[in-house]
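Remarks on the structure that follows.
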Amino acid sequence: MIDYGFGCKANFDIGVLSAVRDSGMLFPAQQGGIHVKAGDLSKFYGLNCAAGVSGAVSITYSGPVSFAGAMSGALAPTVAGNTLTYTIADFGIVAIQKAFGLRFLVDTFAQIGQQLCLDVVVTPTAGDNNVSNNTATYCFPIVNSYDPNMKEVSPINTIAPSEDWLTYTIHFQNLGNAPAIHIYVLDTLSNNLDVSSIQILGSSHRMLTEIKGKFARFNFPNINLVDSLTNEPESKGWLQYKIKKNKNLALGTQIKNTASIYFDFNAPVVTNTVSNTVAEPLSVAFLSSEAVVGLYPNPTTNDVFITYTSNSTADVTLYNMNGAACLKQQLTSSNQSISLSDLPAGVYFVSVEIAGSVVRKKVVKW
């Protein structure tokens, strides 16, 4: 017999795998949970390649929410403003699926269309085989009256030509009056998606996956999902996967996706349709004005140009992934550049301050 099992490479790979909502929606005046799956990524394959590696996980949140504490069984972070920091003595003993579970209280007057966004950074990068997965941003919509059988996509609304991956999460709930013995989810994938690239990121229950042409079928055999009248919290489930968009899609191309959920032999429950439009990256709006900020090229090998729609000067600070400032420069007008030529390859954060408002964006140097 030949053993084709996985093994560890030299060094390690720590980073961010995904983030998924817990069973609670982000509903005004209520708490909702988010599980950030981060740490030793080899654990997803049953390995432990980062044993003995120390570092940190930092999560900065934004949106109409306040941090309400760690979820049951999760680590407790150090809180500084809206940044949650976990100091990790050994990534080898950190449970990637449960360690970074967060609860947020949504503001009473939060509106539909607003979002909770998480910027996640995992360090160190020295010795890390793949630094491109050490940072990630996830956004989750605020909802009001909702159908619990629903679909989410990240990024939300648009995807840049330079971005590859779309992450889809499908939530389902048994709203009947008896357990659902078998459930399957049928997902008809857009022709603008590369079916061969699909990767399963997780599910609430044991799941089998079938891919036939443009159809992805996610089977939950013998799930025996209790009904919501008997036990509302336990009547819910979810699955999550990521998939690449096709290359060279024209600007304006829409990528739409809808799933159908089958509870035993009942007619399918059809989810909402999520849609992404291929578009140049949307600039980030300042809190106090109509000004926006953009970076290009990104990734870069040397200079990065900073654009903004304001007549003011801009104070730019570049930070490495350990939070240390490695460059400071004042720009007198839009479309000036800063040089990264003296810095090592890696992921950096650019802080742009204009008239008292600050925007932070990520830049990668090859």
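Here, A, B, ... name the chains of the structure tokens in the order displayed, residue numbers run from 1 inside each chain, and ligands are numbered from 1 in the same displayed order.
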Go through segment 160-276 of chain A residue by residue and, counting only C-alpha atoms, keep those with an atom at most 12 Å from segment 92-100 of chain A; for each kept residue give the shortest atom pair and its distance in Å to one decimal, ordered by chain and increasing number, as CSV.
residue,atom,partner,partner_atom,distance
A:Leu201,CA,A:Gln97,CA,10.4
A:Gly202,CA,A:Gln97,CA,9.1
A:Ser203,CA,A:Gln97,CA,10.8
A:Ser204,CA,A:Gln97,CA,11.1
Residues of segment 54-113 of chain A within 6 Å of segment 14-34 of chain A: nearest atom pair and distance (Å, one decimal) for each, counting only C-alpha atoms, sorted by chain and number, as a Markdown table?
| residue | atom | partner | partner_atom | distance |
| --- | --- | --- | --- | --- |
| A:Gly101 | CA | A:Ile34 | CA | 5.8 |
| A:Leu102 | CA | A:Ile34 | CA | 5.2 |
| A:Arg103 | CA | A:Gly33 | CA | 4.4 |
| A:Phe104 | CA | A:Gln31 | CA | 5.4 |
| A:Leu105 | CA | A:Gln31 | CA | 4.3 |
| A:Val106 | CA | A:Pro28 | CA | 5.1 |
| A:Asp107 | CA | A:Ala29 | CA | 5.5 |
| A:Thr108 | CA | A:Ala29 | CA | 4.3 |
| A:Ala110 | CA | A:Pro28 | CA | 5.7 |
Leaving out Glu234 of chain A and any residue of its chain fewer than 2 positions from it, which residues lie within 10 Å of it when counting only C-alpha atoms, given as a VMD selection string? chain A and resid 23 173 to 174 225 to 228 230 to 232 236 to 237
Among the residues of segment 196-262 of chain A, find those DSSP assigns to strand (DSSP E or B) from the backbone and print them as number ranges by chain. A: 196-203, 208-212, 215-220, 225, 236-245, 254-257, 259-262
Skip Trp165 of chain A itself and residues of its chain fewer than 6 positions away, then list as a PDB file with C-alpha atoms, in the first residue's frame all residues within 12 Å of it, counting only C-alpha atoms.
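Written out: result_10.pdb:
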ATOM      1  CA  SER A  18     -12.068  32.283   6.682  1.00  0.00           C
ATOM      2  CA  ALA A 136      -7.822  39.269   5.365  1.00  0.00           C
ATOM      3  CA  VAL A 153     -20.893  36.497  -0.341  1.00  0.00           C
ATOM      4  CA  SER A 154     -17.568  38.138   0.472  1.00  0.00           C
ATOM      5  CA  PRO A 155     -16.458  40.556  -0.861  1.00  0.00           C
ATOM      6  CA  ILE A 156     -19.832  42.312  -0.863  1.00  0.00           C
ATOM      7  CA  THR A 158     -18.060  44.343  -6.108  1.00  0.00           C
ATOM      8  CA  ILE A 159     -14.892  42.407  -6.856  1.00  0.00           C
ATOM      9  CA  ASN A 192     -18.264  33.354 -14.678  1.00  0.00           C
ATOM     10  CA  LEU A 193     -16.865  31.097 -11.942  1.00  0.00           C
ATOM     11  CA  ASP A 194     -14.061  28.539 -12.251  1.00  0.00           C
ATOM     12  CA  VAL A 195     -15.702  25.363 -10.952  1.00  0.00           C
ATOM     13  CA  SER A 197     -11.114  25.933  -8.121  1.00  0.00           C
ATOM     14  CA  ILE A 198     -13.828  25.330  -5.500  1.00  0.00           C
ATOM     15  CA  GLN A 199     -12.535  24.760  -1.956  1.00  0.00           C
ATOM     16  CA  TYR A 241     -16.774  27.486   0.324  1.00  0.00           C
ATOM     17  CA  LYS A 242     -14.608  29.708  -1.815  1.00  0.00           C
ATOM     18  CA  ILE A 243     -14.231  29.742  -5.584  1.00  0.00           C
ATOM     19  CA  LYS A 244     -12.280  31.766  -8.130  1.00  0.00           C
ATOM     20  CA  LYS A 245     -13.898  33.966 -10.729  1.00  0.00           C
ATOM     21  CA  ASN A 246     -12.844  33.353 -14.306  1.00  0.00           C
ATOM     22  CA  LYS A 247      -9.841  35.291 -15.536  1.00  0.00           C
ATOM     23  CA  ILE A 255     -21.512  37.166 -10.990  1.00  0.00           C
ATOM     24  CA  ASN A 276     -20.903  40.794  -7.462  1.00  0.00           C
TER      25      ASN A 276
END
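Comparing the minimum interatomic distances between Asp264 of chain A and each of A:Ala216, A:Leu340, A:Ile183, A:Val293, counting only C-alpha atoms, we find that A:Ile183 sits nearest.
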Just the number, please: distance in Å from atom CA of Pro77 of chain A to atom CA of Gln114 of chain A, one decimal. 25.1 Å
Distance query Pro268 of chain A at most 12 Å, only C-alpha atoms, self and fewer than 4 positions along chain excluded, as a PyMOL selection string: chain A and resi 149+172+183-187+259-264
Keeping only N, CA and C atoms, write those residues as a CSV table (one decimal), in the first residue's frame.
chain,number,residue,atom,x,y,z
A,149,ASN,N,-33.0,31.2,5.9
A,149,ASN,CA,-32.4,30.4,4.8
A,149,ASN,C,-31.9,31.4,3.8
A,172,PHE,N,-29.0,27.7,6.7
A,172,PHE,CA,-30.3,27.1,6.6
A,172,PHE,C,-30.9,26.8,8.0
A,183,ILE,N,-30.9,16.6,4.4
A,183,ILE,CA,-30.9,18.0,3.8
A,183,ILE,C,-29.8,18.0,2.7
A,184,TYR,N,-30.1,18.6,1.6
A,184,TYR,CA,-29.1,18.9,0.6
A,184,TYR,C,-29.3,20.3,0.0
A,185,VAL,N,-28.2,20.9,-0.3
A,185,VAL,CA,-28.2,22.2,-0.9
A,185,VAL,C,-27.7,22.1,-2.3
A,186,LEU,N,-28.4,22.6,-3.3
A,186,LEU,CA,-28.1,22.6,-4.7
A,186,LEU,C,-27.7,24.0,-5.1
A,187,ASP,N,-26.5,24.2,-5.6
A,187,ASP,CA,-26.0,25.5,-5.9
A,187,ASP,C,-25.6,25.4,-7.4
A,259,ALA,N,-28.9,29.7,-4.2
A,259,ALA,CA,-28.9,28.3,-3.8
A,259,ALA,C,-30.4,27.8,-3.5
A,260,SER,N,-30.6,26.5,-3.6
A,260,SER,CA,-31.9,25.9,-3.3
A,260,SER,C,-31.6,24.8,-2.2
A,261,ILE,N,-32.4,24.9,-1.1
A,261,ILE,CA,-32.2,24.1,0.0
A,261,ILE,C,-33.4,23.1,0.1
A,262,TYR,N,-33.0,21.8,0.1
A,262,TYR,CA,-34.0,20.7,0.1
A,262,TYR,C,-34.1,20.1,1.5
A,263,PHE,N,-35.2,20.2,2.2
A,263,PHE,CA,-35.4,19.5,3.5
A,263,PHE,C,-36.3,18.3,3.2
A,264,ASP,N,-35.6,17.1,3.3
A,264,ASP,CA,-36.3,15.8,3.0
A,264,ASP,C,-36.9,15.9,1.6
Shell of 12 Å around Asn129 of chain A, only C-alpha atoms, local chain residues under 4 positions omitted, as an MDAnalysis selection string: chainID A and resid 8:15 40:42 49:50 124:125 133:134 346
Write a file of the selected residues as a PDB file, in the first residue's frame, keeping C-alpha atoms.
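Output file selection06.pdb follows:
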ATOM      1  CA  CYS A   8       4.704  19.372   6.834  1.00  0.00           C
ATOM      2  CA  LYS A   9       7.054  21.440   4.700  1.00  0.00           C
ATOM      3  CA  ALA A  10      10.014  23.224   6.195  1.00  0.00           C
ATOM      4  CA  ASN A  11       8.966  26.191   8.343  1.00  0.00           C
ATOM      5  CA  PHE A  12       5.179  26.743   8.718  1.00  0.00           C
ATOM      6  CA  ASP A  13       2.073  28.456   7.341  1.00  0.00           C
ATOM      7  CA  ILE A  14       0.057  30.565   9.744  1.00  0.00           C
ATOM      8  CA  GLY A  15      -2.679  32.855   8.483  1.00  0.00           C
ATOM      9  CA  ASP A  40      -1.845  27.137  11.973  1.00  0.00           C
ATOM     10  CA  LEU A  41      -3.472  26.462   8.591  1.00  0.00           C
ATOM     11  CA  SER A  42      -2.054  22.947   8.451  1.00  0.00           C
ATOM     12  CA  CYS A  49       3.163  22.225  11.397  1.00  0.00           C
ATOM     13  CA  ALA A  50       3.375  25.424  13.492  1.00  0.00           C
ATOM     14  CA  PRO A 124       4.934  36.486  12.497  1.00  0.00           C
ATOM     15  CA  THR A 125       5.876  36.474   8.819  1.00  0.00           C
ATOM     16  CA  ASN A 133      -2.766  34.740   3.686  1.00  0.00           C
ATOM     17  CA  ASN A 134      -1.589  36.564   6.819  1.00  0.00           C
ATOM     18  CA  GLY A 346       5.703  41.426   2.646  1.00  0.00           C
TER      19      GLY A 346
END
Rounded to one decimal place, report the atom CA of Gly39 of chain A-atom CA of Gly55 of chain A distance in Å.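 Atom-to-atom, atom CA of Gly39 of chain A and atom CA of Gly55 of chain A are spaced 9.5 Å apart.
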Leaving out segment 294-310 of chain A and any residue of its chain fewer than 3 positions from it, which residues lie within 7 Å of it when counting only C-alpha atoms, given as a PDB file with C-alpha atoms, in the first residue's frame?
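Contents of the output file part16.pdb:
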ATOM      1  CA  SER A 283     -12.034  53.917  -2.671  1.00  0.00           C
ATOM      2  CA  ALA A 291     -12.863  62.363  -0.054  1.00  0.00           C
ATOM      3  CA  SER A 334      -2.940  63.589  -5.000  1.00  0.00           C
ATOM      4  CA  ASN A 335      -1.197  60.945  -7.122  1.00  0.00           C
ATOM      5  CA  GLN A 336       2.183  61.235  -5.442  1.00  0.00           C
ATOM      6  CA  SER A 337       4.161  58.102  -4.641  1.00  0.00           C
ATOM      7  CA  ILE A 338       5.944  56.616  -1.666  1.00  0.00           C
ATOM      8  CA  SER A 339       8.887  54.268  -2.161  1.00  0.00           C
ATOM      9  CA  LEU A 340       9.003  50.759  -0.731  1.00  0.00           C
ATOM     10  CA  SER A 341      12.316  49.957  -2.419  1.00  0.00           C
ATOM     11  CA  VAL A 363      -0.417  47.068   0.241  1.00  0.00           C
ATOM     12  CA  VAL A 364       1.675  44.059  -0.740  1.00  0.00           C
ATOM     13  CA  LYS A 365       5.294  44.313  -1.881  1.00  0.00           C
ATOM     14  CA  TRP A 366       6.635  41.449  -3.939  1.00  0.00           C
TER      15      TRP A 366
END
Tell me which of A:Val143, A:Leu239, A:Ala126, A:Val121 sits closest to Thr167 of chain A, counting only C-alpha atoms. A:Leu239
Using only C-alpha atoms, the shortest atom-to-atom distance to Trp238 of chain A among A:Pro221, A:Gly252, A:Gly46, A:Pro148 belongs to A:Pro148
Considering only helix (DSSP H, G or I) as DSSP defines it on the backbone, what residues of segment 5-58 of chain A qualify? List them as an MDAnalysis selection string. chainID A and resid 41:45
